[in-house]
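Below is target.csv, which holds CSV, C-alpha atoms.
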```csv
chain,number,residue,atom,x,y,z
A,350,MET,CA,-5.7,4.4,21.1
A,351,THR,CA,-9.1,6.1,20.9
A,352,ALA,CA,-12.0,4.7,19.1
A,353,GLU,CA,-12.5,7.8,17.0
A,354,ALA,CA,-10.2,8.3,14.1
A,355,ALA,CA,-10.1,10.2,10.9
A,356,LEU,CA,-9.9,8.0,7.9
A,357,ALA,CA,-6.9,8.5,5.6
A,358,GLU,CA,-7.9,10.6,2.7
A,359,ARG,CA,-8.4,8.7,-0.4
A,360,GLN,CA,-9.8,9.5,-3.8
A,361,GLN,CA,-12.8,7.3,-4.5
A,362,THR,CA,-13.8,6.6,-8.1
A,363,GLN,CA,-17.0,8.4,-8.9
A,364,GLN,CA,-20.2,6.4,-8.7
A,365,GLY,CA,-22.3,6.4,-11.8
A,366,ALA,CA,-19.6,8.0,-13.9
A,367,GLU,CA,-18.5,4.5,-15.1
A,368,VAL,CA,-19.7,1.0,-15.0
A,369,GLU,CA,-20.5,0.1,-11.4
A,370,ALA,CA,-18.7,-2.8,-9.7
A,371,THR,CA,-20.7,-5.8,-8.6
A,372,ARG,CA,-19.2,-5.8,-5.2
A,373,SER,CA,-20.3,-3.2,-2.8
A,374,ARG,CA,-17.0,-2.2,-1.3
A,375,PRO,CA,-15.3,1.0,-2.3
A,376,THR,CA,-13.0,1.4,-5.3
A,377,PHE,CA,-10.1,3.8,-4.9
A,378,VAL,CA,-7.9,5.6,-7.4
A,379,PRO,CA,-4.4,4.4,-6.5
A,380,CYS,CA,-1.6,6.8,-5.9
A,381,THR,CA,0.6,6.8,-9.0
A,382,ASN,CA,3.9,7.9,-10.2
A,383,ILE,CA,4.3,8.3,-14.0
A,384,TYR,CA,7.6,9.2,-15.6
A,385,GLU,CA,8.9,9.3,-19.1
A,386,ARG,CA,12.1,7.9,-20.3
A,387,GLU,CA,13.6,8.3,-23.7
A,388,ASP,CA,12.4,4.8,-24.7
A,389,ALA,CA,9.4,4.3,-22.5
A,390,ILE,CA,6.7,5.6,-20.2
A,391,VAL,CA,6.7,4.0,-16.7
A,392,VAL,CA,3.6,3.9,-14.5
A,393,GLU,CA,3.9,2.9,-10.8
A,394,ALA,CA,0.7,2.5,-8.8
A,395,ASP,CA,0.4,1.8,-5.1
A,396,MET,CA,-2.1,-1.0,-4.6
A,397,PRO,CA,-1.5,-2.5,-1.2
A,398,GLY,CA,-3.3,-5.8,-0.7
A,399,VAL,CA,-3.4,-6.7,-4.3
A,400,GLY,CA,-1.6,-9.9,-5.3
A,401,PRO,CA,0.1,-10.5,-8.7
A,402,ASP,CA,-2.8,-12.6,-9.8
A,403,SER,CA,-5.6,-10.1,-9.2
A,404,VAL,CA,-4.3,-7.2,-11.1
A,405,ASP,CA,-5.4,-6.3,-14.6
A,406,VAL,CA,-3.6,-3.9,-17.0
A,407,ASN,CA,-5.2,-3.0,-20.3
A,408,LEU,CA,-4.3,-0.7,-23.1
A,409,ASP,CA,-7.1,0.2,-25.5
A,410,GLY,CA,-5.9,2.7,-28.0
A,411,ASP,CA,-4.3,5.4,-26.0
A,412,GLU,CA,-6.2,4.6,-22.8
A,413,LEU,CA,-4.5,2.6,-20.1
A,414,THR,CA,-6.7,1.0,-17.5
A,415,ILE,CA,-5.4,-0.5,-14.3
A,416,ALA,CA,-7.6,-2.5,-12.0
A,417,GLY,CA,-6.7,-4.5,-8.9
A,418,GLN,CA,-8.8,-6.5,-6.5
A,419,VAL,CA,-7.9,-6.8,-2.9
A,420,ALA,CA,-8.2,-10.1,-1.2
A,421,ASP,CA,-9.8,-8.9,2.0
A,422,VAL,CA,-9.6,-11.7,4.5
A,423,PRO,CA,-11.5,-11.0,7.7
A,424,ILE,CA,-9.4,-11.6,10.9
A,425,GLU,CA,-11.3,-14.4,12.6
A,426,GLY,CA,-12.3,-13.9,16.2
A,427,HIS,CA,-11.4,-10.3,16.0
A,428,GLU,CA,-13.4,-7.1,15.9
A,429,LEU,CA,-12.3,-3.9,14.1
A,430,SER,CA,-11.9,-1.5,17.0
A,431,TYR,CA,-10.0,1.3,15.4
A,432,ALA,CA,-9.8,2.3,11.7
A,433,GLU,CA,-7.7,4.8,9.9
A,434,TYR,CA,-8.1,3.4,6.4
A,435,GLU,CA,-10.7,1.6,4.4
A,436,VAL,CA,-10.0,-1.5,2.3
A,437,GLY,CA,-11.2,-1.5,-1.3
A,438,ASP,CA,-10.3,-2.3,-4.8
A,439,TYR,CA,-8.3,0.0,-7.1
A,440,ARG,CA,-9.1,1.3,-10.5
A,441,CYS,CA,-7.7,4.1,-12.7
A,442,LYS,CA,-7.5,5.2,-16.3
A,443,PHE,CA,-4.8,7.3,-18.0
A,444,ARG,CA,-4.5,8.7,-21.5
A,445,ILE,CA,-1.0,7.9,-22.8
A,446,SER,CA,0.3,10.6,-25.0
A,447,ALA,CA,3.1,8.8,-26.8
A,448,ALA,CA,2.6,6.0,-29.3
A,449,ILE,CA,3.2,2.7,-27.5
A,450,ASP,CA,4.4,-0.6,-28.7
A,451,ALA,CA,1.5,-2.6,-27.2
A,452,ASP,CA,3.2,-6.0,-27.7
A,453,LYS,CA,6.1,-5.1,-25.5
A,454,ILE,CA,4.3,-3.8,-22.5
A,455,GLU,CA,5.6,-5.3,-19.3
A,456,ALA,CA,3.8,-5.3,-16.0
A,457,ALA,CA,5.1,-6.6,-12.6
A,458,MET,CA,3.6,-6.5,-9.2
A,459,LYS,CA,5.8,-6.4,-6.1
A,460,ASN,CA,5.1,-5.6,-2.5
A,461,GLY,CA,1.8,-4.1,-3.4
A,462,VAL,CA,3.2,-1.8,-6.1
A,463,LEU,CA,2.4,-2.3,-9.8
A,464,HIS,CA,5.1,-1.4,-12.2
A,465,VAL,CA,4.1,-1.0,-15.9
A,466,VAL,CA,6.7,-0.2,-18.6
A,467,LEU,CA,5.1,1.0,-21.8
A,468,PRO,CA,7.8,1.1,-24.5
A,469,LYS,CA,7.5,3.8,-27.1
A,470,SER,CA,7.1,2.6,-30.6
A,471,GLU,CA,10.0,3.2,-33.0
A,472,GLU,CA,8.3,6.3,-34.6
A,473,ALA,CA,7.7,7.9,-31.2
A,474,ARG,CA,11.3,7.7,-30.1
A,475,PRO,CA,13.5,10.6,-30.5
A,476,HIS,CA,16.0,10.3,-33.4
A,477,LYS,CA,19.2,12.1,-33.3
A,478,ILE,CA,20.2,13.6,-36.5
A,479,GLU,CA,23.9,13.7,-37.2
A,480,VAL,CA,25.0,17.1,-38.6
A,481,LYS,CA,27.7,16.7,-41.1
A,482,ALA,CA,30.4,19.1,-41.4
A,483,GLY,CA,30.8,20.4,-44.9
B,644,MET,CA,-7.7,15.8,10.0
B,645,GLN,CA,-4.5,14.4,8.4
B,646,VAL,CA,-3.8,10.8,9.3
B,647,GLU,CA,-0.1,10.1,10.1
B,648,TYR,CA,1.7,7.8,7.8
B,649,PRO,CA,1.2,4.8,7.8
B,650,ALA,CA,-2.5,4.6,8.5
B,651,ILE,CA,-3.4,1.6,10.6
B,652,ASN,CA,-6.4,-0.5,11.5
B,653,VAL,CA,-6.6,-2.3,14.8
B,654,TRP,CA,-8.5,-5.5,15.4
B,655,THR,CA,-9.2,-6.6,18.9
B,656,GLY,CA,-9.5,-10.2,19.9
B,657,LYS,CA,-9.8,-12.0,23.3
B,658,ASP,CA,-6.1,-12.3,24.0
B,659,ASP,CA,-4.4,-10.3,21.4
B,660,VAL,CA,-4.7,-7.3,19.1
B,661,VAL,CA,-3.9,-7.4,15.4
B,662,LEU,CA,-2.6,-4.2,13.7
B,663,THR,CA,-2.7,-3.9,10.0
B,664,ALA,CA,-1.0,-1.2,7.9
B,665,GLU,CA,-0.7,-0.5,4.2
B,666,LEU,CA,3.0,-0.2,3.3
B,667,PRO,CA,3.2,-0.5,-0.5
B,668,GLY,CA,6.7,-0.8,-1.9
B,669,ILE,CA,8.4,-1.6,1.4
B,670,GLU,CA,10.7,-4.7,1.7
B,671,PRO,CA,10.5,-6.7,4.9
B,672,ASP,CA,14.2,-5.9,5.5
B,673,ASP,CA,13.5,-2.1,5.4
B,674,LEU,CA,11.0,-2.3,8.2
B,675,ASP,CA,11.9,-2.1,11.9
B,676,ILE,CA,9.4,-3.1,14.5
B,677,THR,CA,10.1,-2.6,18.1
B,678,VAL,CA,8.1,-3.0,21.3
B,679,HIS,CA,9.3,-1.5,24.6
B,680,GLY,CA,6.9,-1.9,27.4
B,681,THR,CA,3.5,-0.8,25.9
B,682,MET,CA,5.2,1.3,23.3
B,683,LEU,CA,5.1,0.0,19.7
B,684,THR,CA,7.2,1.6,17.1
B,685,LEU,CA,7.2,1.1,13.3
B,686,ARG,CA,10.2,2.6,11.5
B,687,CYS,CA,11.4,2.6,7.9
B,688,SER,CA,14.7,4.1,6.8
B,689,PRO,CA,14.4,6.4,3.8
B,690,LYS,CA,15.6,4.8,0.6
B,691,GLU,CA,17.7,6.5,-2.0
B,692,GLN,CA,15.7,6.6,-5.2
B,693,GLN,CA,17.8,6.2,-8.2
B,694,ARG,CA,16.5,8.0,-11.2
B,695,GLY,CA,18.5,8.1,-14.4
B,696,ASP,CA,19.0,11.1,-16.6
B,697,GLY,CA,16.4,11.9,-19.1
B,698,GLU,CA,13.5,10.8,-16.9
B,699,THR,CA,10.8,13.3,-16.4
B,700,TYR,CA,7.9,13.0,-14.0
B,701,HIS,CA,4.4,13.4,-15.4
B,702,ARG,CA,2.9,12.9,-11.9
B,703,ARG,CA,4.3,11.9,-8.6
B,704,GLU,CA,1.8,10.9,-5.9
B,705,CYS,CA,3.4,7.8,-4.2
B,706,ARG,CA,5.6,8.3,-1.2
B,707,HIS,CA,8.1,5.5,-0.6
B,708,GLU,CA,10.1,7.3,1.9
B,709,GLY,CA,11.1,6.8,5.5
B,710,PHE,CA,8.7,7.1,8.4
B,711,ALA,CA,8.5,6.5,12.1
B,712,ARG,CA,5.3,6.1,14.1
B,713,SER,CA,4.6,4.9,17.7
B,714,TRP,CA,1.6,3.8,19.5
B,715,LEU,CA,0.8,3.1,23.2
B,716,LEU,CA,-0.8,-0.3,23.4
B,717,PRO,CA,-3.6,-0.9,25.9
B,718,PHE,CA,-1.7,-3.7,27.6
B,719,GLU,CA,1.8,-5.3,27.8
B,720,VAL,CA,2.5,-7.8,25.0
B,721,ASP,CA,4.5,-11.0,25.0
B,722,ALA,CA,7.3,-9.7,22.9
B,723,ASP,CA,8.6,-13.2,22.0
B,724,LYS,CA,5.2,-14.2,20.5
B,725,ILE,CA,4.7,-11.2,18.3
B,726,GLU,CA,4.1,-12.2,14.7
B,727,ALA,CA,4.7,-9.9,11.7
B,728,LYS,CA,3.7,-10.7,8.2
B,729,LEU,CA,4.2,-8.4,5.2
B,730,GLU,CA,2.2,-9.6,2.2
B,731,ASN,CA,1.5,-7.6,-1.0
B,732,GLY,CA,2.4,-4.4,0.8
B,733,VAL,CA,0.1,-5.0,3.8
B,734,LEU,CA,1.6,-5.5,7.2
B,735,ARG,CA,-0.2,-7.7,9.7
B,736,LEU,CA,1.2,-7.6,13.2
B,737,THR,CA,-0.3,-9.9,15.8
B,738,LEU,CA,0.4,-8.8,19.4
B,739,PRO,CA,-0.5,-11.3,22.1
B,740,ARG,CA,-1.3,-10.0,25.5
B,741,SER,CA,1.3,-11.1,28.1
B,742,GLU,CA,0.2,-13.5,30.8
B,743,ALA,CA,0.9,-11.0,33.5
B,744,SER,CA,-1.4,-8.3,32.0
B,745,LYS,CA,-4.4,-10.6,31.6
B,746,PRO,CA,-7.2,-10.0,34.0
B,747,LYS,CA,-7.3,-12.4,36.9
B,748,LYS,CA,-10.5,-13.8,38.1
B,749,VAL,CA,-10.9,-13.5,41.9
B,750,GLU,CA,-12.5,-16.4,43.6
B,751,ILE,CA,-14.9,-15.5,46.3
B,752,GLN,CA,-14.5,-17.6,49.4
B,753,THR,CA,-17.5,-18.9,51.1
B,754,THR,CA,-17.4,-19.5,54.8
```
Same coordinates, now as C-alpha coordinates:
Amino acid sequence: MTAEAALAERQQTQQGAEVEATRSRPTFVPCTNIYEREDAIVVEADMPGVGPDSVDVNLDGDELTIAGQVADVPIEGHELSYAEYEVGDYRCKFRISAAIDADKIEAAMKNGVLHVVLPKSEEARPHKIEVKAG
Amino acid sequence: MQVEYPAINVWTGKDDVVLTAELPGIEPDDLDITVHGTMLTLRCSPKEQQRGDGETYHRRECRHEGFARSWLLPFEVDADKIEAKLENGVLRLTLPRSEASKPKKVEIQTT
(Lines of atoms letter the chains of each structure in order from A and count residues from 1; the text may use other names and numbers.)
(Lines give C-alpha, C1' and ligand atoms only; values in the text may rest on other atoms or scores of the structure.)
Protein backbone atom coordinates (compact mmCIF):
# COMPACT_ATOMS: atom_id res chain seq x y z
CA MET A 1 0.00 0.00 0.00
CA THR A 2 1.40 3.35 -0.95
CA ALA A 3 0.87 6.53 0.98
CA GLU A 4 -0.51 8.41 -1.99
CA ALA A 5 -4.06 7.73 -2.96
CA ALA A 6 -6.80 9.40 -4.85
CA LEU A 7 -9.83 10.11 -2.76
CA ALA A 8 -13.07 8.54 -3.83
CA GLU A 9 -15.06 11.09 -5.74
CA ARG A 10 -17.89 12.53 -3.77
CA GLN A 11 -20.19 15.39 -4.28
CA GLN A 12 -19.85 17.92 -1.51
CA THR A 13 -22.65 20.25 -0.61
CA GLN A 14 -21.92 23.76 -1.72
CA GLN A 15 -20.55 26.09 0.87
CA GLY A 16 -22.46 29.30 1.27
CA ALA A 17 -25.37 28.13 -0.84
CA GLU A 18 -27.20 27.12 2.29
CA VAL A 19 -26.91 27.47 6.00
CA GLU A 20 -23.44 26.41 7.07
CA ALA A 21 -22.87 23.61 9.51
CA THR A 22 -21.37 24.36 12.90
CA ARG A 23 -18.95 21.49 12.56
CA SER A 24 -16.02 21.93 10.25
CA ARG A 25 -16.02 18.50 8.67
CA PRO A 26 -17.32 18.06 5.15
CA THR A 27 -20.94 17.40 4.30
CA PHE A 28 -21.67 15.10 1.38
CA VAL A 29 -24.63 14.55 -0.85
CA PRO A 30 -25.47 10.87 -0.38
CA CYS A 31 -25.92 8.54 -3.35
CA THR A 32 -29.64 7.99 -3.73
CA ASN A 33 -32.05 5.76 -5.52
CA ILE A 34 -35.51 7.16 -6.01
CA TYR A 35 -38.26 5.12 -7.52
CA GLU A 36 -41.94 5.51 -7.91
CA ARG A 37 -44.54 2.88 -7.20
CA GLU A 38 -48.21 3.17 -7.91
CA ASP A 39 -48.94 4.03 -4.28
CA ALA A 40 -45.71 5.67 -3.12
CA ILE A 41 -42.37 7.26 -3.86
CA VAL A 42 -39.42 5.47 -2.30
CA VAL A 43 -36.11 7.17 -1.52
CA GLU A 44 -33.04 5.14 -0.64
CA ALA A 45 -29.89 6.98 0.45
CA ASP A 46 -26.47 5.52 1.19
CA MET A 47 -25.23 7.04 4.41
CA PRO A 48 -22.56 4.74 5.81
CA GLY A 49 -21.60 5.51 9.40
CA VAL A 50 -24.95 7.06 10.27
CA GLY A 51 -26.89 5.34 13.02
CA PRO A 52 -30.71 5.19 13.25
CA ASP A 53 -30.69 7.88 15.96
CA SER A 54 -28.69 10.47 14.06
CA VAL A 55 -30.74 10.73 10.90
CA ASP A 56 -33.31 13.40 10.22
CA VAL A 57 -36.01 13.23 7.56
CA ASN A 58 -38.20 16.27 6.97
CA LEU A 59 -40.94 17.04 4.50
CA ASP A 60 -41.77 20.72 4.17
CA GLY A 61 -44.37 21.27 1.50
CA ASP A 62 -42.96 19.41 -1.49
CA GLU A 63 -39.36 19.62 -0.27
CA LEU A 64 -37.84 16.55 1.32
CA THR A 65 -34.71 17.08 3.38
CA ILE A 66 -32.49 14.22 4.52
CA ALA A 67 -29.67 14.83 6.97
CA GLY A 68 -27.44 12.34 8.73
CA GLN A 69 -24.61 12.79 11.18
CA VAL A 70 -21.71 10.40 11.29
CA ALA A 71 -20.38 9.27 14.63
CA ASP A 72 -16.71 9.57 13.74
CA VAL A 73 -14.82 7.78 16.48
CA PRO A 74 -11.05 8.12 16.17
CA ILE A 75 -9.16 4.85 16.42
CA GLU A 76 -7.01 5.26 19.50
CA GLY A 77 -3.31 4.64 19.25
CA HIS A 78 -3.54 4.57 15.48
CA GLU A 79 -2.55 6.99 12.80
CA LEU A 80 -4.32 7.35 9.48
CA SER A 81 -1.66 6.21 7.06
CA TYR A 82 -3.64 5.77 3.86
CA ALA A 83 -6.95 7.28 2.87
CA GLU A 84 -9.26 6.70 -0.05
CA TYR A 85 -12.36 8.28 1.41
CA GLU A 86 -13.26 11.17 3.65
CA VAL A 87 -15.65 10.92 6.56
CA GLY A 88 -18.39 13.50 6.75
CA ASP A 89 -22.05 14.16 7.37
CA TYR A 90 -24.75 13.82 4.74
CA ARG A 91 -27.37 16.22 3.54
CA CYS A 92 -29.62 16.45 0.52
CA LYS A 93 -32.90 17.97 -0.62
CA PHE A 94 -35.40 16.77 -3.17
CA ARG A 95 -38.54 18.22 -4.62
CA ILE A 96 -41.21 15.56 -4.55
CA SER A 97 -43.53 15.86 -7.48
CA ALA A 98 -46.55 13.87 -6.33
CA ALA A 99 -48.85 14.87 -3.49
CA ILE A 100 -47.71 12.98 -0.38
CA ASP A 101 -49.67 11.86 2.64
CA ALA A 102 -47.28 13.39 5.18
CA ASP A 103 -48.72 11.50 8.17
CA LYS A 104 -47.93 8.14 6.69
CA ILE A 105 -44.30 8.64 5.75
CA GLU A 106 -42.12 5.82 6.97
CA ALA A 107 -38.36 5.97 7.38
CA ALA A 108 -36.01 3.18 8.38
CA MET A 109 -32.24 3.01 8.69
CA LYS A 110 -30.46 -0.28 8.10
CA ASN A 111 -26.80 -1.06 7.46
CA GLY A 112 -26.09 2.56 6.66
CA VAL A 113 -28.89 2.86 4.11
CA LEU A 114 -31.87 5.12 4.74
CA HIS A 115 -35.16 3.91 3.30
CA VAL A 116 -38.01 6.42 3.12
CA VAL A 117 -41.46 5.50 1.84
CA LEU A 118 -43.59 8.50 0.93
CA PRO A 119 -47.15 7.28 0.31
CA LYS A 120 -49.06 9.24 -2.28
CA SER A 121 -52.21 10.94 -1.08
CA GLU A 122 -55.54 9.53 -2.28
CA GLU A 123 -55.96 12.23 -4.93
CA ALA A 124 -52.55 11.58 -6.44
CA ARG A 125 -53.06 7.86 -6.90
CA PRO A 126 -54.10 6.59 -10.27
CA HIS A 127 -57.77 5.67 -10.44
CA LYS A 128 -58.88 3.04 -12.84
CA ILE A 129 -62.12 3.87 -14.55
CA GLU A 130 -64.28 0.98 -15.43
CA VAL A 131 -65.64 1.16 -18.90
CA LYS A 132 -69.14 -0.14 -19.06
CA ALA A 133 -70.32 -2.02 -21.99
CA GLY A 134 -73.49 -0.57 -23.34
CA MET B 1 -8.19 8.64 -10.78
CA GLN B 2 -11.04 6.29 -10.09
CA VAL B 3 -10.89 4.57 -6.73
CA GLU B 4 -11.76 0.91 -6.78
CA TYR B 5 -14.85 -0.11 -4.85
CA PRO B 6 -14.93 -0.26 -1.88
CA ALA B 7 -12.79 2.70 -0.87
CA ILE B 8 -10.73 2.03 2.24
CA ASN B 9 -8.87 3.94 4.91
CA VAL B 10 -5.94 2.36 6.74
CA TRP B 11 -4.93 3.19 10.29
CA THR B 12 -1.54 2.03 11.49
CA GLY B 13 -0.85 1.19 15.11
CA LYS B 14 2.13 -0.25 16.92
CA ASP B 15 1.23 -3.91 16.50
CA ASP B 16 -1.68 -3.87 14.11
CA VAL B 17 -3.39 -2.11 11.25
CA VAL B 18 -7.05 -1.17 11.15
CA LEU B 19 -8.79 -1.09 7.80
CA THR B 20 -12.11 0.70 7.45
CA ALA B 21 -14.42 0.60 4.45
CA GLU B 22 -17.83 2.08 3.74
CA LEU B 23 -20.16 -0.73 2.69
CA PRO B 24 -23.71 0.62 2.86
CA GLY B 25 -26.49 -1.90 2.43
CA ILE B 26 -24.33 -4.97 2.94
CA GLU B 27 -25.32 -7.61 5.48
CA PRO B 28 -22.55 -9.29 7.51
CA ASP B 29 -23.50 -12.63 5.95
CA ASP B 30 -22.93 -11.34 2.42
CA LEU B 31 -19.37 -10.32 3.13
CA ASP B 32 -16.47 -12.70 2.73
CA ILE B 33 -13.12 -11.74 4.25
CA THR B 34 -10.09 -13.94 3.64
CA VAL B 35 -6.41 -13.64 4.49
CA HIS B 36 -3.84 -15.77 2.74
CA GLY B 37 -0.26 -14.96 3.66
CA THR B 38 -0.13 -11.19 3.29
CA MET B 39 -3.00 -11.09 0.83
CA LEU B 40 -6.27 -9.73 2.16
CA THR B 41 -9.42 -10.11 0.09
CA LEU B 42 -12.86 -8.60 0.60
CA ARG B 43 -15.58 -10.15 -1.46
CA CYS B 44 -19.33 -9.69 -1.72
CA SER B 45 -21.56 -11.79 -3.94
CA PRO B 46 -23.99 -9.88 -6.08
CA LYS B 47 -27.50 -9.84 -4.78
CA GLU B 48 -30.56 -10.17 -6.93
CA GLN B 49 -32.57 -7.02 -6.62
CA GLN B 50 -36.26 -7.61 -6.63
CA ARG B 51 -38.22 -4.86 -8.20
CA GLY B 52 -41.90 -5.20 -8.73
CA ASP B 53 -43.91 -4.21 -11.74
CA GLY B 54 -44.98 -0.64 -12.05
CA GLU B 55 -41.86 0.72 -10.39
CA THR B 56 -40.02 3.37 -12.29
CA TYR B 57 -36.68 4.84 -11.34
CA HIS B 58 -36.36 8.58 -11.02
CA ARG B 59 -32.68 8.31 -10.23
CA ARG B 60 -30.31 5.48 -9.54
CA GLU B 61 -26.95 6.28 -7.98
CA CYS B 62 -26.40 3.63 -5.33
CA ARG B 63 -24.61 0.45 -6.25
CA HIS B 64 -25.37 -2.47 -3.99
CA GLU B 65 -23.80 -5.06 -6.17
CA GLY B 66 -21.01 -7.56 -5.83
CA PHE B 67 -17.33 -6.73 -5.65
CA ALA B 68 -13.96 -8.27 -4.93
CA ARG B 69 -10.85 -6.37 -3.97
CA SER B 70 -7.49 -7.53 -2.64
CA TRP B 71 -4.60 -5.82 -0.91
CA LEU B 72 -1.07 -6.83 -0.01
CA LEU B 73 -0.50 -6.18 3.66
CA PRO B 74 2.87 -4.84 4.80
CA PHE B 75 3.32 -7.83 7.14
CA GLU B 76 1.88 -11.23 7.98
CA VAL B 77 -1.10 -11.12 10.28
CA ASP B 78 -2.26 -13.42 13.03
CA ALA B 79 -5.28 -14.82 11.21
CA ASP B 80 -6.93 -16.15 14.39
CA LYS B 81 -6.96 -12.73 16.01
CA ILE B 82 -8.45 -10.72 13.18
CA GLU B 83 -11.53 -8.80 14.29
CA ALA B 84 -14.21 -7.67 11.88
CA LYS B 85 -17.10 -5.40 12.79
CA LEU B 86 -19.79 -4.13 10.47
CA GLU B 87 -21.73 -1.29 12.01
CA ASN B 88 -24.08 1.13 10.23
CA GLY B 89 -22.61 0.12 6.91
CA VAL B 90 -18.99 0.69 7.92
CA LEU B 91 -16.58 -2.23 8.17
CA ARG B 92 -13.76 -2.08 10.67
CA LEU B 93 -11.16 -4.77 10.31
CA THR B 94 -8.42 -5.07 12.92
CA LEU B 95 -5.42 -7.01 11.64
CA PRO B 96 -2.85 -7.82 14.33
CA ARG B 97 0.72 -8.39 13.25
CA SER B 98 1.85 -11.99 13.76
CA GLU B 99 4.54 -12.61 16.39
CA ALA B 100 6.90 -14.02 13.77
CA SER B 101 6.77 -10.88 11.66
CA LYS B 102 7.42 -8.43 14.48
CA PRO B 103 10.88 -6.88 14.44
CA LYS B 104 13.33 -8.52 16.82
CA LYS B 105 15.64 -6.46 18.87
CA VAL B 106 19.20 -7.71 18.70
CA GLU B 107 21.16 -7.51 21.89
CA ILE B 108 24.72 -6.42 21.47
CA GLN B 109 27.13 -8.53 23.43
CA THR B 110 29.82 -6.81 25.36
CA THR B 111 33.05 -8.58 25.93
task = Compute the set of chain A residues within 7 Å of chain B, using all atoms listed in the file, and express it as a VMD selection string.
result = chain A and resid 350 355 to 357 380 to 387 395 to 400 426 to 434 459 to 462
ask   = For Glu393 in chain A, which residue among A:His464, A:His476, A:Arg444, A:Lys481 is the nearest when counting all atoms listed in the file?
value =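 Checking each candidate against Glu393 in chain A, we get A:His464 as the closest.
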query = Expressed in Å to a single decimal, how great is the separation between CA of Gln360 in chain A and CA of Phe443 in chain A?
reply = 15.2 Å
Contact residues around range 402-409 of chain A with only C-alpha atoms at 12 Å, ignoring same-chain residues under 4 positions, as a ChimeraX atom specification = /A:392-398,413-420,438-445,448-459,461-467 /B:731
query = What is the distance between CA of Ala743 in chain B and CA of Glu719 in chain B, in Å to one decimal?
reply =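 Interatomic distance, CA of Ala743 in chain B to CA of Glu719 in chain B: 8.1 Å.
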request  = Could you tell me how far CA of Thr737 in chain B lies from CA of Met682 in chain B, in Å and to one decimal?
outcome  =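 These atoms are spaced 14.6 Å apart.
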key: Which residue of A:Lys477, A:Ala482, A:Ser446, A:Glu358 approaches Gly410 in chain A most closely, using all atoms listed in the file   = A:Ser446
